[in-house]
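**Q** Contents are mmCIF, C-alpha atoms; file name model17.cif:
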data_model
loop_
_atom_site.label_atom_id
_atom_site.label_comp_id
_atom_site.auth_asym_id
_atom_site.auth_seq_id
_atom_site.Cartn_x
_atom_site.Cartn_y
_atom_site.Cartn_z
CA MET A 75 190.06 108.86 116.63
CA LYS A 76 193.40 108.87 114.88
CA ARG A 77 195.49 105.81 115.66
CA ASN A 78 199.23 106.19 115.97
CA VAL A 79 200.36 102.57 115.89
CA LYS A 80 203.64 101.10 114.78
CA SER A 81 203.73 99.18 111.54
CA ARG A 82 204.48 95.47 111.66
CA LEU A 83 208.02 96.10 110.38
CA GLU A 84 208.59 98.86 112.94
CA GLN A 85 207.59 96.47 115.71
CA GLN A 86 209.97 93.83 114.38
CA ILE A 87 212.83 96.31 114.18
CA GLU A 88 212.18 97.59 117.69
CA PHE A 89 212.53 93.99 118.92
CA ILE A 90 215.70 93.48 116.87
CA LEU A 91 217.27 96.58 118.41
CA GLU A 92 216.18 95.61 121.93
CA ILE A 93 217.75 92.14 121.78
CA ASP A 94 221.17 93.69 121.05
CA LYS A 95 221.33 93.72 124.86
CA LEU A 96 221.88 89.94 124.93
CA LYS A 97 225.47 90.70 123.93
CA HIS A 98 225.94 92.30 127.37
CA VAL A 99 224.73 89.30 129.40
CA PHE A 100 227.84 87.44 130.56
CA ARG A 101 228.06 83.81 131.55
CA LYS A 102 230.40 81.98 133.92
CA SER A 103 232.37 80.23 131.16
CA ARG A 104 235.38 81.84 129.54
CA LEU A 105 236.21 81.52 125.86
CA ILE A 106 238.68 78.74 125.05
CA ARG A 107 242.20 79.64 126.22
CA SER A 108 241.05 83.18 126.99
CA GLU A 109 240.38 85.28 130.07
CA ARG A 110 237.23 86.77 128.60
CA PHE A 111 233.82 85.54 129.78
CA GLU A 112 231.41 84.38 127.12
CA ASN A 113 228.23 86.34 126.52
CA ASP A 114 224.80 84.90 125.81
CA ALA A 115 224.70 86.01 122.16
CA GLU A 116 227.92 84.29 121.15
CA HIS A 117 227.01 81.27 123.30
CA THR A 118 223.71 81.03 121.42
CA TRP A 119 225.45 81.21 118.06
CA HIS A 120 227.77 78.40 119.11
CA LEU A 121 224.83 76.19 120.17
CA THR A 122 222.96 76.65 116.91
CA VAL A 123 225.99 75.61 114.84
CA MET A 124 226.38 72.60 117.15
CA ALA A 125 222.73 71.67 116.57
CA VAL A 126 223.23 71.75 112.79
CA LEU A 127 226.28 69.49 113.04
CA LEU A 128 225.14 67.11 115.74
CA SER A 129 221.44 66.52 115.03
CA GLU A 130 222.31 63.12 113.52
CA HIS A 131 223.15 61.99 117.07
CA ALA A 132 219.70 62.87 118.47
CA ASN A 133 217.72 60.02 120.04
CA ALA A 134 214.67 61.04 117.98
CA PRO A 135 215.18 60.09 114.32
CA ASP A 136 212.59 62.54 113.00
CA LEU A 137 213.73 65.68 114.78
CA SER A 138 212.69 69.02 113.26
CA LEU A 139 216.03 70.84 113.01
CA PRO A 140 214.47 74.20 111.98
CA LYS A 141 212.41 74.11 115.16
CA VAL A 142 215.49 73.31 117.26
CA LEU A 143 217.32 76.23 115.67
CA LYS A 144 214.52 78.71 116.31
CA MET A 145 214.17 77.48 119.88
CA LEU A 146 217.89 77.87 120.54
CA LEU A 147 218.11 81.29 118.88
CA ILE A 148 215.65 82.77 121.36
CA HIS A 149 216.05 80.54 124.44
CA ASP A 150 218.29 82.95 126.37
CA LEU A 151 216.58 86.24 125.47
CA VAL A 152 214.76 86.33 128.81
CA GLU A 153 218.17 86.79 130.46
CA ILE A 154 218.25 90.35 129.10
CA ASP A 155 215.95 91.20 132.01
CA ALA A 156 216.38 88.21 134.31
CA GLY A 157 220.18 87.84 134.06
CA ASP A 158 222.22 84.68 133.71
CA THR A 159 221.80 82.21 136.55
CA PHE A 160 224.81 79.93 137.02
CA ALA A 161 223.70 76.33 136.46
CA TYR A 162 224.97 75.25 139.90
CA ASP A 163 223.61 78.22 141.85
CA VAL A 164 220.71 76.66 143.79
CA LYS A 165 219.84 79.94 145.52
CA GLY A 166 219.90 81.85 142.24
CA LEU A 167 217.45 79.36 140.79
CA GLU A 168 214.78 80.50 143.31
CA GLY A 169 212.28 82.78 141.62
CA LYS A 170 214.02 82.25 138.29
CA TYR A 171 210.85 81.08 136.57
CA GLU A 172 208.86 84.16 137.62
CA ARG A 173 211.65 86.57 136.62
CA GLU A 174 212.01 84.91 133.26
CA GLN A 175 208.26 84.77 132.62
CA ALA A 176 208.01 88.53 133.19
CA ALA A 177 210.96 89.04 130.83
CA ALA A 178 209.33 86.89 128.14
CA ASN A 179 206.12 88.89 128.45
CA ARG A 180 207.93 92.18 128.05
CA LEU A 181 210.35 91.19 125.27
CA PHE A 182 208.11 89.01 123.11
CA GLY A 183 205.36 91.58 123.71
CA LEU A 184 207.28 94.00 121.48
CA LEU A 185 206.52 91.77 118.47
CA PRO A 186 203.44 91.58 116.25
CA GLU A 187 200.89 89.26 117.87
CA ASP A 188 201.51 86.14 115.72
CA GLN A 189 205.27 86.32 116.24
CA ARG A 190 204.84 87.08 119.95
CA ALA A 191 202.77 83.90 120.25
CA GLU A 192 205.26 81.83 118.22
CA PHE A 193 208.29 82.95 120.24
CA MET A 194 206.45 82.50 123.54
CA GLU A 195 205.48 78.95 122.57
CA LEU A 196 209.00 78.11 121.45
CA TRP A 197 210.44 79.41 124.70
CA GLU A 198 207.88 77.58 126.85
CA GLU A 199 208.49 74.38 124.87
CA PHE A 200 212.23 74.74 125.43
CA GLU A 201 211.74 75.31 129.15
CA ALA A 202 209.38 72.32 129.56
CA ARG A 203 211.94 69.93 127.96
CA GLU A 204 209.23 67.48 126.93
CA THR A 205 209.32 67.39 123.13
CA ASN A 206 212.14 65.82 121.12
CA GLU A 207 213.19 69.23 119.86
CA ALA A 208 213.32 70.75 123.33
CA LYS A 209 215.29 67.78 124.70
CA PHE A 210 217.85 68.04 121.93
CA ALA A 211 218.10 71.84 122.22
CA ALA A 212 218.67 71.46 125.98
CA ALA A 213 221.38 68.87 125.28
CA MET A 214 223.25 71.45 123.17
CA ASP A 215 222.85 74.06 125.90
CA ARG A 216 224.46 71.74 128.45
CA LEU A 217 227.07 70.10 126.27
CA GLN A 218 228.63 73.38 125.13
CA PRO A 219 229.83 74.58 128.57
CA VAL A 220 231.16 71.06 129.27
CA LEU A 221 233.23 71.29 126.09
CA LEU A 222 234.53 74.76 127.01
CA ASN A 223 235.35 73.67 130.54
CA CYS A 224 237.23 70.59 129.38
CA GLU A 225 239.32 72.76 127.04
CA ASN A 226 239.93 75.30 129.80
CA GLU A 227 241.16 72.82 132.42
CA GLY A 228 237.85 72.93 134.27
CA GLN A 229 237.86 76.73 134.66
CA SER A 230 234.28 77.49 135.75
CA TRP A 231 234.06 74.26 137.78
CA LYS A 232 237.25 75.14 139.67
CA GLU A 233 236.29 78.81 140.15
CA HIS A 234 233.02 77.79 141.77
CA GLY A 235 234.13 74.62 143.58
CA ILE A 236 231.89 72.31 141.56
CA THR A 237 232.35 68.54 141.96
CA SER A 238 232.13 65.79 139.35
CA GLU A 239 228.92 64.54 141.05
CA GLN A 240 227.32 67.95 140.47
CA VAL A 241 228.51 68.02 136.85
CA LEU A 242 227.15 64.53 136.18
CA GLU A 243 223.83 65.29 137.90
CA ARG A 244 223.38 68.63 136.13
CA ASN A 245 224.27 67.35 132.68
CA ARG A 246 222.62 63.95 132.61
CA HIS A 247 219.75 65.61 130.70
CA ILE A 248 222.07 65.55 127.69
CA GLY A 249 221.13 61.87 127.49
CA ASP A 250 217.43 62.74 127.09
CA GLY A 251 218.32 64.46 123.82
CA SER A 252 221.17 62.22 122.72
CA SER A 253 222.51 59.07 124.36
CA ALA A 254 225.55 59.18 122.08
CA LEU A 255 226.47 62.72 123.12
CA TRP A 256 225.91 61.97 126.80
CA GLN A 257 228.19 58.96 126.50
CA HIS A 258 230.85 61.19 124.97
CA ALA A 259 230.33 63.93 127.58
CA ARG A 260 230.72 61.41 130.40
CA LYS A 261 234.00 60.29 128.88
CA LEU A 262 235.20 63.92 128.78
CA ILE A 263 234.07 64.52 132.36
CA GLY A 264 235.87 61.34 133.48
CA ARG A 265 239.04 62.50 131.76
CA ALA A 266 238.75 65.91 133.49
CA VAL A 267 238.64 64.12 136.85
CA GLU A 268 241.72 62.02 135.95
CA GLN A 269 243.60 65.15 134.90
CA GLY A 270 242.71 66.87 138.16
CA PHE A 271 240.52 69.56 136.56
CA LEU A 272 237.45 68.42 138.46
CA LYS A 273 237.11 67.11 142.01
CA MET B 293 248.52 48.79 108.93
CA LYS B 294 246.77 50.16 112.00
CA ARG B 295 244.72 53.27 111.28
CA ASN B 296 244.46 55.97 113.88
CA VAL B 297 241.60 58.06 112.58
CA LYS B 298 239.21 60.29 114.47
CA SER B 299 235.63 59.17 114.83
CA ARG B 300 232.94 61.19 113.12
CA LEU B 301 231.89 62.72 116.45
CA GLU B 302 235.50 63.58 117.34
CA GLN B 303 235.86 65.42 114.03
CA GLN B 304 232.65 67.34 114.67
CA ILE B 305 233.78 68.31 118.16
CA GLU B 306 237.19 69.43 116.93
CA PHE B 307 235.40 71.77 114.52
CA ILE B 308 233.08 73.03 117.26
CA LEU B 309 236.06 73.87 119.47
CA GLU B 310 237.94 75.52 116.60
CA ILE B 311 235.10 77.87 115.69
CA ASP B 312 235.10 79.28 119.24
CA LYS B 313 237.69 81.63 117.70
CA LEU B 314 234.95 83.51 115.82
CA LYS B 315 234.18 85.20 119.15
CA HIS B 316 237.57 86.95 118.89
CA VAL B 317 237.02 88.43 115.40
CA PHE B 318 235.95 92.02 115.93
CA ARG B 319 233.98 94.16 113.50
CA LYS B 320 233.86 97.91 112.97
CA SER B 321 230.40 98.38 114.50
CA ARG B 322 229.93 98.95 118.19
CA LEU B 323 227.06 97.51 120.21
CA ILE B 324 224.10 99.84 120.60
CA ARG B 325 224.89 102.68 123.00
CA SER B 326 228.15 100.98 123.96
CA GLU B 327 231.86 101.51 123.37
CA ARG B 328 232.48 97.83 122.75
CA PHE B 329 233.00 96.57 119.21
CA GLU B 330 230.79 93.72 118.06
CA ASN B 331 232.35 90.36 117.32
CA ASP B 332 231.43 88.05 114.46
CA ALA B 333 229.77 85.42 116.65
CA GLU B 334 227.28 87.78 118.27
CA HIS B 335 226.74 89.56 114.92
CA THR B 336 225.89 86.18 113.38
CA TRP B 337 223.43 85.38 116.14
CA HIS B 338 221.73 88.73 115.60
CA LEU B 339 221.40 88.09 111.85
CA THR B 340 219.84 84.68 112.30
CA VAL B 341 217.16 86.02 114.64
CA MET B 342 216.51 88.80 112.12
CA ALA B 343 216.08 86.22 109.36
CA VAL B 344 213.50 84.32 111.41
CA LEU B 345 211.52 87.51 112.05
CA LEU B 346 211.85 89.20 108.67
CA SER B 347 211.60 86.35 106.13
CA GLU B 348 208.00 87.41 105.40
CA HIS B 349 209.47 90.52 103.74
CA ALA B 350 211.64 88.54 101.29
CA ASN B 351 211.02 89.14 97.58
CA ALA B 352 210.89 85.37 97.04
CA PRO B 353 207.65 83.97 98.44
CA ASP B 354 208.95 80.38 98.69
CA LEU B 355 212.19 81.04 100.53
CA SER B 356 213.73 78.12 102.46
CA LEU B 357 214.26 79.66 105.89
CA PRO B 358 216.22 76.66 107.24
CA LYS B 359 218.70 77.10 104.40
CA VAL B 360 219.01 80.84 105.10
CA LEU B 361 219.67 80.09 108.76
CA LYS B 362 222.38 77.51 108.03
CA MET B 363 223.99 79.84 105.51
CA LEU B 364 224.05 82.72 107.96
CA LEU B 365 225.32 80.59 110.85
CA ILE B 366 228.50 79.72 108.96
CA HIS B 367 228.93 82.68 106.57
CA ASP B 368 231.57 84.49 108.64
CA LEU B 369 233.61 81.48 109.80
CA VAL B 370 236.28 82.10 107.17
CA GLU B 371 237.10 85.34 109.01
CA ILE B 372 238.70 83.23 111.76
CA ASP B 373 241.71 82.96 109.43
CA ALA B 374 241.05 85.77 106.94
CA GLY B 375 239.98 88.48 109.42
CA ASP B 376 237.10 90.94 109.10
CA THR B 377 237.35 93.25 106.10
CA PHE B 378 235.50 96.54 106.59
CA ALA B 379 232.76 96.79 103.97
CA TYR B 380 234.09 100.14 102.69
CA ASP B 381 237.78 99.18 102.63
CA VAL B 382 238.50 98.83 98.91
CA LYS B 383 242.15 97.97 99.46
CA GLY B 384 241.30 95.35 102.08
CA LEU B 385 238.94 93.71 99.60
CA GLU B 386 241.92 92.84 97.34
CA GLY B 387 242.86 89.19 97.73
CA LYS B 388 239.91 88.69 100.08
CA TYR B 389 238.47 85.86 98.01
CA GLU B 390 241.73 83.88 98.01
CA ARG B 391 242.28 84.37 101.75
CA GLU B 392 238.75 83.29 102.49
CA GLN B 393 238.88 80.29 100.15
CA ALA B 394 241.99 79.03 101.96
CA ALA B 395 240.23 79.55 105.28
CA ALA B 396 237.16 77.63 104.10
CA ASN B 397 239.35 74.75 102.95
CA ARG B 398 241.10 74.54 106.31
CA LEU B 399 238.10 75.02 108.58
CA PHE B 400 235.46 72.99 106.75
CA GLY B 401 238.19 70.40 106.12
CA LEU B 402 238.06 69.53 109.82
CA LEU B 403 234.57 68.08 109.33
CA PRO B 404 233.46 64.64 108.09
CA GLU B 405 233.38 64.67 104.29
CA ASP B 406 229.59 65.04 103.82
CA GLN B 407 229.40 67.97 106.24
CA ARG B 408 232.54 69.55 104.77
CA ALA B 409 230.84 69.48 101.36
CA GLU B 410 227.54 70.84 102.74
CA PHE B 411 229.18 73.76 104.56
CA MET B 412 231.42 74.56 101.60
CA GLU B 413 228.40 74.65 99.28
CA LEU B 414 226.41 76.83 101.68
CA TRP B 415 229.30 79.27 101.98
CA GLU B 416 229.90 79.41 98.22
CA GLU B 417 226.18 79.90 97.63
CA PHE B 418 226.15 82.77 100.12
CA GLU B 419 229.16 84.40 98.49
CA ALA B 420 227.71 84.09 94.96
CA ARG B 421 224.47 85.88 95.97
CA GLU B 422 222.49 84.29 93.16
CA THR B 423 219.86 82.15 94.86
CA ASN B 424 216.88 83.58 96.72
CA GLU B 425 218.27 82.28 100.01
CA ALA B 426 221.68 83.85 99.44
CA LYS B 427 220.14 87.19 98.45
CA PHE B 428 218.00 87.27 101.56
CA ALA B 429 220.87 86.18 103.82
CA ALA B 430 223.05 88.94 102.33
CA ALA B 431 220.26 91.45 102.96
CA MET B 432 220.31 90.55 106.67
CA ASP B 433 224.11 90.87 106.74
CA ARG B 434 223.90 94.41 105.35
CA LEU B 435 220.80 95.61 107.11
CA GLN B 436 222.09 94.79 110.60
CA PRO B 437 225.06 97.22 110.60
CA VAL B 438 222.80 99.93 109.13
CA LEU B 439 220.44 99.44 112.08
CA LEU B 440 223.32 99.58 114.59
CA ASN B 441 224.79 102.67 112.93
CA CYS B 442 221.47 104.49 112.93
CA GLU B 443 221.06 103.78 116.65
CA ASN B 444 224.64 104.87 117.33
CA GLU B 445 224.43 108.23 115.55
CA GLY B 446 226.36 106.91 112.54
CA GLN B 447 229.33 105.70 114.62
CA SER B 448 231.26 103.50 112.17
CA TRP B 449 230.36 105.76 109.22
CA LYS B 450 231.72 108.81 111.07
CA GLU B 451 234.82 107.00 112.35
CA HIS B 452 235.78 106.01 108.81
CA GLY B 453 234.54 109.07 106.90
CA ILE B 454 231.91 107.16 104.92
CA THR B 455 229.41 109.18 102.84
CA SER B 456 225.74 108.55 102.23
CA GLU B 457 226.56 107.72 98.57
CA GLN B 458 228.86 104.94 99.75
CA VAL B 459 226.26 103.65 102.19
CA LEU B 460 223.56 103.61 99.52
CA GLU B 461 225.83 101.94 96.97
CA ARG B 462 227.09 99.31 99.41
CA ASN B 463 223.66 98.45 100.78
CA ARG B 464 221.48 98.53 97.68
CA HIS B 465 221.90 94.72 97.54
CA ILE B 466 219.40 94.62 100.41
CA GLY B 467 216.80 95.25 97.70
CA ASP B 468 217.80 92.04 95.87
CA GLY B 469 216.66 90.10 98.92
CA SER B 470 213.81 92.33 100.05
CA SER B 471 212.44 95.46 98.39
CA ALA B 472 210.44 96.25 101.52
CA LEU B 473 213.49 96.17 103.75
CA TRP B 474 215.56 98.20 101.31
CA GLN B 475 212.82 100.83 101.23
CA HIS B 476 212.90 100.95 105.02
CA ALA B 477 216.71 101.05 105.13
CA ARG B 478 216.76 103.97 102.67
CA LYS B 479 214.35 105.82 104.93
CA LEU B 480 216.67 105.24 107.91
CA ILE B 481 219.73 106.32 105.91
CA GLY B 482 217.90 109.46 104.77
CA ARG B 483 217.00 110.25 108.35
CA ALA B 484 220.66 109.77 109.40
CA VAL B 485 221.67 112.35 106.78
CA GLU B 486 219.01 114.79 108.03
CA GLN B 487 220.21 114.34 111.61
CA GLY B 488 223.80 114.97 110.58
CA PHE B 489 225.02 111.45 111.39
CA LEU B 490 226.05 110.82 107.79
CA LYS B 491 227.59 113.17 105.20
#
Rewrite the structure from the file as structure tokens, please.
**A**
Amino acid sequence: MKRNVKSRLEQQIEFILEIDKLKHVFRKSRLIRSERFENDAEHTWHLTVMAVLLSEHANAPDLSLPKVLKMLLIHDLVEIDAGDTFAYDVKGLEGKYEREQAAANRLFGLLPEDQRAEFMELWEEFEARETNEAKFAAAMDRLQPVLLNCENEGQSWKEHGITSEQVLERNRHIGDGSSALWQHARKLIGRAVEQGFLK
Amino acid sequence: MKRNVKSRLEQQIEFILEIDKLKHVFRKSRLIRSERFENDAEHTWHLTVMAVLLSEHANAPDLSLPKVLKMLLIHDLVEIDAGDTFAYDVKGLEGKYEREQAAANRLFGLLPEDQRAEFMELWEEFEARETNEAKFAAAMDRLQPVLLNCENEGQSWKEHGITSEQVLERNRHIGDGSSALWQHARKLIGRAVEQGFLK
């Protein structure tokens, strides 16, 4: 029987073309001093640069930065199928895990088996937030929208009626990755309250 | 004399906020099957994922992937000040180095000294295209628009009257980073000519 299978490189390129769609997944934050909403691809780029610059502030002294970078680069890909769920949308969070698991199976399933397994493990590690790398990666993912919001006079908080208690509760995980960054974020959040950008 | 200097973390965060502007620098390629032009931030994200997946095809067997990733993550930042120059715009390429050098000085100058030096070196290494890491990073930077163009029926080539000779000449540097990927790219370019997407 003649087999008509894709080469390893063809599988990789099919995946690369498919993930172009991440550029169409829009978040609730707007770019700094701009009306335009941020998409997942540019958000991800921003996080990875942050990780390079800020890893010295991680709680874990022996963090593997390459692993953090890989984890961040792919952490939002599941949203191509599952969509972006706003961090404060409790209803939207229902069924999120199942939707995202199905997306991971489909997307990572386009890759050659070893890379499928590697990306799936990285994504599951990120989601579980148990290892030092996952905790630090998650800290980047939460700190970035706080920074954008503070520059944009609390834009996404105001638009969705989010309170400072919700922001503090949602983002306290930053401290699991970096106490120093969580201390700084709390200062920024406190200032936003003083300035009237956050209830 | 009382000094009023920014803390290390404040400098890092100032840089992180400043580079948000990369999301406003638009390229000549459009997203796959979309009218929207791609911006530098999402382009950069795409390249870094490609590097993770495709490093096995690099000519150099002992490539440092973490270095490639860092190089790619920051390689386009100078375009925040210097703007995107279309790869085939010979006139636009005049004075490009000076504009970009000034941009690198300003942007990386926001960082703490050690990180300023690291980012400057990474950027200069990328530009010089002499090391294995720089050659492979440059291959990603050239392969990605070829992939988008081939999916979009030669969109940016057609819009700017680019010929297959120009595409082959411009992109042959892919082979310096990866002969396998250059072989594949040539196949795609040949197919685009056959399909009438490229003169």
**Q** Under the PyMOL selection byres ((chain B) within 6 of (chain A)), which residues of this model are included? Write them out as a PyMOL selection string.
**A** chain B and resi 333-334+337+358
**Q** Written as number ranges by chain, what is the full residue list that the PyMOL selection byres ((chain B and resi 448) around 12) yields on the file shown?
**A** B: 319-324, 327, 329-330, 378-380, 437-447, 449-455, 459, 489-490
**Q** Give me, please, the distance in Å between atom CA of Asn245 of chain A and atom CA of Arg216 of chain A, quoted to one decimal.
**A**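 Interatomic distance here is 6.1 Å.
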**Q** Take the PyMOL selection byres ((chain B and resi 431) around 12), apply it to the structure above, and return the hits as a ChimeraX atom specification.
**A** /B:339-340,342-343,346-347,349-351,360,364,418,421,424-430,432-438,462-474,477
**Q** Work out how far apart atom CA of Asn397 of chain B and atom CA of Ala409 of chain B are and give it in Å to one decimal.
**A**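 Pair atom CA of Asn397 of chain B / atom CA of Ala409 of chain B returns 10.1 Å.
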**Q** Which value, in Å to one decimal, gives the distance between atom CA of Val164 of chain A and atom CA of Ala178 of chain A?
**A** 21.9 Å
**Q** Skip Glu371 of chain B itself and residues of its chain fewer than 6 positions away, then list as a PyMOL selection string all residues within 9 Å of it, counting only C-alpha atoms.
**A** chain B and resi 314+317+332+377+391-392+395
**Q** So that I have them on file, write out the residues from the current selection with C-alpha atoms, as a tab-separated table (two decimals), in the coordinates of the input.
**A**
chain	number	residue	atom	x	y	z
B	314	LEU	CA	234.95	83.51	115.82
B	317	VAL	CA	237.02	88.43	115.40
B	332	ASP	CA	231.43	88.05	114.46
B	377	THR	CA	237.35	93.25	106.10
B	391	ARG	CA	242.28	84.37	101.75
B	392	GLU	CA	238.75	83.29	102.49
B	395	ALA	CA	240.23	79.55	105.28
**Q** Pick from A:Glu243, A:Glu199, A:Asp155, A:Glu130: nearest to Ala176 of chain A, with all atoms listed in the file counted?
**A**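 Ranking A:Glu243, A:Glu199, A:Asp155, A:Glu130 by distance to Ala176 of chain A, first place goes to A:Asp155.
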**Q** Go through B:Lys491, B:Arg408, B:Arg398, B:Arg483 one by one, measure the shortest atom-to-atom distance of each to Glu457 of chain B using all atoms listed in the file, and give the residue with the smallest value.
**A**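 When distances to Glu457 of chain B are compared using all atoms listed in the file, the smallest one comes from B:Lys491.
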**Q** For segment 252-265 of chain A, where the input has fewer atoms than it should, I would like N, CA, C and O atoms rebuilt and written as a PDB file, in the frame of the given file.
**A**
ATOM      1  N   SER A 252     220.257  63.046 123.507  1.00  0.00           N
ATOM      2  CA  SER A 252     221.170  62.220 122.720  1.00  0.00           C
ATOM      3  C   SER A 252     222.006  61.318 123.616  1.00  0.00           C
ATOM      4  O   SER A 252     222.907  61.798 124.320  1.00  0.00           O
ATOM      5  N   SER A 253     221.724  60.032 123.569  1.00  0.00           N
ATOM      6  CA  SER A 253     222.510  59.070 124.360  1.00  0.00           C
ATOM      7  C   SER A 253     223.968  59.079 123.911  1.00  0.00           C
ATOM      8  O   SER A 253     224.882  58.975 124.735  1.00  0.00           O
ATOM      9  N   ALA A 254     224.179  59.215 122.609  1.00  0.00           N
ATOM     10  CA  ALA A 254     225.550  59.180 122.080  1.00  0.00           C
ATOM     11  C   ALA A 254     226.357  60.357 122.615  1.00  0.00           C
ATOM     12  O   ALA A 254     227.522  60.206 123.008  1.00  0.00           O
ATOM     13  N   LEU A 255     225.738  61.538 122.638  1.00  0.00           N
ATOM     14  CA  LEU A 255     226.470  62.720 123.120  1.00  0.00           C
ATOM     15  C   LEU A 255     226.689  62.674 124.624  1.00  0.00           C
ATOM     16  O   LEU A 255     227.720  63.127 125.125  1.00  0.00           O
ATOM     17  N   TRP A 256     225.737  62.094 125.344  1.00  0.00           N
ATOM     18  CA  TRP A 256     225.910  61.970 126.800  1.00  0.00           C
ATOM     19  C   TRP A 256     227.030  60.984 127.110  1.00  0.00           C
ATOM     20  O   TRP A 256     227.850  61.215 128.007  1.00  0.00           O
ATOM     21  N   GLN A 257     227.099  59.922 126.331  1.00  0.00           N
ATOM     22  CA  GLN A 257     228.190  58.960 126.500  1.00  0.00           C
ATOM     23  C   GLN A 257     229.542  59.656 126.289  1.00  0.00           C
ATOM     24  O   GLN A 257     230.474  59.493 127.085  1.00  0.00           O
ATOM     25  N   HIS A 258     229.604  60.466 125.262  1.00  0.00           N
ATOM     26  CA  HIS A 258     230.850  61.190 124.970  1.00  0.00           C
ATOM     27  C   HIS A 258     231.163  62.207 126.072  1.00  0.00           C
ATOM     28  O   HIS A 258     232.311  62.342 126.505  1.00  0.00           O
ATOM     29  N   ALA A 259     230.126  62.915 126.526  1.00  0.00           N
ATOM     30  CA  ALA A 259     230.330  63.930 127.580  1.00  0.00           C
ATOM     31  C   ALA A 259     230.823  63.269 128.864  1.00  0.00           C
ATOM     32  O   ALA A 259     231.710  63.801 129.548  1.00  0.00           O
ATOM     33  N   ARG A 260     230.276  62.103 129.180  1.00  0.00           N
ATOM     34  CA  ARG A 260     230.720  61.410 130.400  1.00  0.00           C
ATOM     35  C   ARG A 260     232.189  61.028 130.305  1.00  0.00           C
ATOM     36  O   ARG A 260     232.926  61.074 131.288  1.00  0.00           O
ATOM     37  N   LYS A 261     232.599  60.639 129.098  1.00  0.00           N
ATOM     38  CA  LYS A 261     234.000  60.290 128.880  1.00  0.00           C
ATOM     39  C   LYS A 261     234.885  61.522 129.118  1.00  0.00           C
ATOM     40  O   LYS A 261     235.914  61.446 129.788  1.00  0.00           O
ATOM     41  N   LEU A 262     234.436  62.681 128.590  1.00  0.00           N
ATOM     42  CA  LEU A 262     235.200  63.920 128.780  1.00  0.00           C
ATOM     43  C   LEU A 262     235.258  64.320 130.244  1.00  0.00           C
ATOM     44  O   LEU A 262     236.298  64.754 130.747  1.00  0.00           O
ATOM     45  N   ILE A 263     234.128  64.166 130.939  1.00  0.00           N
ATOM     46  CA  ILE A 263     234.070  64.520 132.360  1.00  0.00           C
ATOM     47  C   ILE A 263     234.998  63.587 133.160  1.00  0.00           C
ATOM     48  O   ILE A 263     235.753  64.030 134.038  1.00  0.00           O
ATOM     49  N   GLY A 264     234.987  62.312 132.816  1.00  0.00           N
ATOM     50  CA  GLY A 264     235.870  61.340 133.480  1.00  0.00           C
ATOM     51  C   GLY A 264     237.331  61.702 133.271  1.00  0.00           C
ATOM     52  O   GLY A 264     238.150  61.641 134.205  1.00  0.00           O
ATOM     53  N   ARG A 265     237.661  62.122 132.069  1.00  0.00           N
ATOM     54  CA  ARG A 265     239.040  62.500 131.760  1.00  0.00           C
ATOM     55  C   ARG A 265     239.443  63.754 132.562  1.00  0.00           C
ATOM     56  O   ARG A 265     240.569  63.868 133.037  1.00  0.00           O
TER      57      ARG A 265
END
